[in-house]
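Structure first, then comments.
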Amino acid sequence: MFRDHTNLQRTESLPQRVGAGLLFGAAALLICCTAAPLLIAQEKNPYAGDAKVAKLGEYQFRSNCAFCHGLGARGGGRGPDLTRANKRHGTSDAEIFHNIRDGIPGTAMPAATNGGIGVGMSEEEIWQVVAYIRSVKKKVSAAETGDAAHGKELFYGAGACGTCHMVNGKGGRLGPDLSSTGSSRSVEYLAESLRSPSRRLALGLVEPLKDYSQEYETVTVVTSEGTKLQGVVLNEDSFTVQMLDTREQLHSFEKSKLRSYEKTRESLMPAYDTKTLPDKDLKDLIAFLLAASSQGGGK
């Protein structure tokens with residue numbers, strides 16, 4: 001009888017256990033179902049189109065982002081122009097949010113946490129910044145509607161830009177690699193760089209962790225044998241200097257052994273005025289840089 005009673009208890013407890021398991025499973029499924037919309041919501045800006053929130057985002061941007069990306073999000077020494085519709089590391093609200101919150105590996109963009117951007121930003125504040133960035137997004141301007149094919153011909157031909165600058169693996173090494181410049185700089189910045197290439201050097205805008213690892217200051221040396229060389233500074237300390245000359249030859253000197261050593265903040269790049277480079281050709285060159293950045297996949 002004892003054994004029969006035990007078997008009866010076990011038999012009766014089986015549906016109870018099954019029922020409890022089903023109840024637990026249903027509860028877990030309910031939790032997952034209710035959590036899913038929250039997860040999806042995090043991928044969308046809850047403040048999209050809200051002008052008041054965008055204004056709050058502007059304050060957050062000025063406090064935490066403008067140092068690199070410039071006032072108005074138009075690009076700075078380290079950060080790209082964020083008013084451009086197509087962005088190098090993603091264009092959706094979710095991608096922009098994650099770029100701000102988590103940072104972008106391999107770039108100067110830190111995570112928006114304590115020890116990263118400013119004093120740290122909450123997810124709500126990050127979404128406010130995304131709303132602000134959306135509010136300043138601009139349409140393609142007339143300057144961006146040039147003929148990219150003709151701009152490429154100018155870059156590697158009559159304009160001689162390709163003798164010093166490289167784009168997507170083709171060109172010279174004396175000047176900065178311009179492969180990603182079209183996606184990281186405003187049209188106005190590109191135009192100014194062509195018209196007045198010495199401006200930023202002359203102002204002494206030294207920006208750590210910027211796009212280019214060097215200042216491209218012009219250096220002129222006369223060796224102990226009397227050979228005169230001109231080029232750009234690659235590395236320098238109190239006793240030595242490394243330079244790349246105009247023929248792209250690398251040199252390393254001890255300063256004490258040079259007859260003369262002169263460094264200036266006047267760029268080797270010529271200034272392209274409207275006679276040398278008419279406005280139409282300027283637009284075409286810029287169009288080429290924009291197209292080249294897009295073709296390069298933003299790498």
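Ordered as shown in the structure tokens, chains take letters A, B, and onward, while each chain numbers its residues from 1 and ligands are numbered from 1 in the order shown.
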
Q. Mind checking DSSP for region 115-179 of chain A and telling me the alpha helix (DSSP H) residues as a PyMOL selection string?
A. chain A and resi 123-135+148-156

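Using only C-alpha atoms, the residues found no farther than 12 Å from region 102-104 of chain A, other than those of its own chain fewer than 5 positions away, are Gly79, Arg88, His89, Gly90, Ala94, Glu95, Ile96, Phe97, Met109, Pro110, Ala111, Ala112, Thr113, Asn114, Gly115, Gly116, Ile117, Gly120, Met121, Ser122, Glu123 and Ile126 of chain A.
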
Save out the residues we just selected, C-alpha atoms, as a compact mmCIF listing (two decimals), in the first residue's frame.
# COMPACT_ATOMS: atom_id res chain seq x y z
CA GLY A 79 36.17 65.36 -36.35
CA ARG A 88 31.53 57.71 -43.15
CA HIS A 89 30.63 55.40 -40.26
CA GLY A 90 26.88 55.07 -40.75
CA ALA A 94 20.89 54.00 -34.57
CA GLU A 95 24.37 54.02 -36.13
CA ILE A 96 24.99 57.60 -35.07
CA PHE A 97 23.76 56.79 -31.55
CA MET A 109 36.25 59.20 -31.58
CA PRO A 110 35.96 58.12 -27.91
CA ALA A 111 32.95 56.61 -26.18
CA ALA A 112 30.50 59.04 -24.59
CA THR A 113 31.15 57.74 -21.09
CA ASN A 114 33.05 58.97 -18.07
CA GLY A 115 36.64 59.31 -19.15
CA GLY A 116 35.55 59.59 -22.77
CA ILE A 117 33.63 62.58 -24.11
CA GLY A 120 29.92 61.41 -19.75
CA MET A 121 26.51 61.47 -21.43
CA SER A 122 23.31 59.60 -20.66
CA GLU A 123 21.48 57.72 -23.42
CA ILE A 126 22.95 61.10 -26.75

(Q) as a VMD selection string, please: every residue in region 52-299 of chain A that DSSP puts in strand (DSSP E or B). (A) chain A and resid 166 to 167 170 to 171 218 to 222 228 to 236 240 to 245 250 to 254 260 to 264

Q.
Using only C-alpha atoms for the distances, tell me which of A:Arg265, A:Lys44, A:Arg259, A:Arg173 is nearest to Glu217 (chain A).
A. A:Arg265

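Taking CA of Ser198 (chain A) and CA of Ser267 (chain A) as endpoints, the distance between them is 4.9 Å.
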
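Picture a line from CA of Ala131 (chain A) to CA of Leu289 (chain A); it runs 28.0 Å.
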
What are the closest atom pairs, with distances in Å to one decimal, for all residues of region 118-190 of chain A lying within 10 Å of region 233-251 of chain A? Consider only C-alpha atoms, order rows by chain and residue number, and present the result as CSV.
residue,atom,partner,partner_atom,distance
A:Thr163,CA,A:Arg247,CA,9.7
A:Cys164,CA,A:Thr246,CA,8.6
A:Gly172,CA,A:Glu248,CA,8.0
A:Arg173,CA,A:Glu248,CA,6.8
A:Leu174,CA,A:Glu248,CA,6.2
A:Gly175,CA,A:Leu244,CA,9.9

(Q) List the spatial neighbours of Met166 (chain A) as a ChimeraX atom specification - criterion: any atom at most 7 Å away, only C-alpha atoms, same-chain residues fewer than 3 positions off excluded. (A) /A:162,169-173,177-179

Q. What does the distance between CA of Leu82 (chain A) and CA of Gln60 (chain A) come to in Å, to one decimal place?
A. 14.8 Å

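The residue that comes closest to His98 (chain A), out of A:Ser63, A:Ala54, A:Glu43, A:Ser256 and on the basis of only C-alpha atoms, is A:Glu43.
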
Q: Could you check which of A:Leu229, A:Ala271, A:Ile100, A:Val129 is closest to Phe61 (chain A), using only C-alpha atoms?
A: A:Val129

Q.
So, with only C-alpha atoms as the atoms that count, which of A:Arg185, A:Arg134, A:Arg62, A:Lys87 lies closest to Tyr47 (chain A)?
A. A:Arg134

Can you tell me which residues surround Pro80 (chain A) at a distance of at most 6 Å, considering only C-alpha atoms, apart from same-chain residues fewer than 2 positions away, and format the answer as an mmCIF file with all heavy atoms, in the first residue's frame?
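Contents of result.cif, as written:
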data_model
loop_
_atom_site.group_PDB
_atom_site.id
_atom_site.type_symbol
_atom_site.label_atom_id
_atom_site.label_comp_id
_atom_site.auth_asym_id
_atom_site.auth_seq_id
_atom_site.Cartn_x
_atom_site.Cartn_y
_atom_site.Cartn_z
ATOM 1 N N HIS A 69 34.306 68.431 -33.685
ATOM 2 C CA HIS A 69 33.469 68.506 -34.882
ATOM 3 C C HIS A 69 33.099 69.933 -35.269
ATOM 4 O O HIS A 69 32.426 70.128 -36.290
ATOM 5 C CB HIS A 69 32.184 67.703 -34.681
ATOM 6 C CG HIS A 69 32.420 66.230 -34.589
ATOM 7 N ND1 HIS A 69 32.630 65.430 -35.700
ATOM 8 C CD2 HIS A 69 32.496 65.401 -33.522
ATOM 9 C CE1 HIS A 69 32.812 64.181 -35.313
ATOM 10 N NE2 HIS A 69 32.745 64.133 -33.999
ATOM 11 N N GLY A 75 32.512 70.157 -38.939
ATOM 12 C CA GLY A 75 33.845 69.566 -39.043
ATOM 13 C C GLY A 75 34.889 70.450 -38.394
ATOM 14 O O GLY A 75 34.791 71.677 -38.403
ATOM 15 N N SER A 184 34.951 63.590 -44.678
ATOM 16 C CA SER A 184 35.224 64.071 -43.322
ATOM 17 C C SER A 184 35.315 65.589 -43.225
ATOM 18 O O SER A 184 35.405 66.119 -42.126
ATOM 19 C CB SER A 184 36.531 63.464 -42.803
ATOM 20 O OG SER A 184 37.635 63.886 -43.579
ATOM 21 N N ARG A 185 35.290 66.278 -44.348
ATOM 22 C CA ARG A 185 35.424 67.731 -44.330
ATOM 23 C C ARG A 185 34.313 68.399 -45.116
ATOM 24 O O ARG A 185 33.821 67.860 -46.109
ATOM 25 C CB ARG A 185 36.793 68.145 -44.907
ATOM 26 C CG ARG A 185 37.957 67.798 -43.985
ATOM 27 C CD ARG A 185 37.921 68.675 -42.740
ATOM 28 N NE ARG A 185 38.944 68.305 -41.781
ATOM 29 C CZ ARG A 185 38.747 67.533 -40.724
ATOM 30 N NH1 ARG A 185 37.555 66.998 -40.521
ATOM 31 N NH2 ARG A 185 39.709 67.280 -39.875
#

Q | Within 12 Å of Ala160 (chain A) using only C-alpha atoms, minus same-chain residues under 4 positions, as a PyMOL selection string | A | chain A and resi 151-156+164-166+171-172+269-270+272+276-277+285

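Nearest-residue note for Glu125 (chain A): choosing from A:Lys283, A:Lys263, A:Arg101, A:Lys228, the minimum distance belongs to A:Arg101, counting only C-alpha atoms.
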
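Checking A:Asp147, A:Asp279, A:Asp50, A:Glu215 one by one against Gln128 (chain A), counting only C-alpha atoms, you find the shortest gap at A:Asp50.
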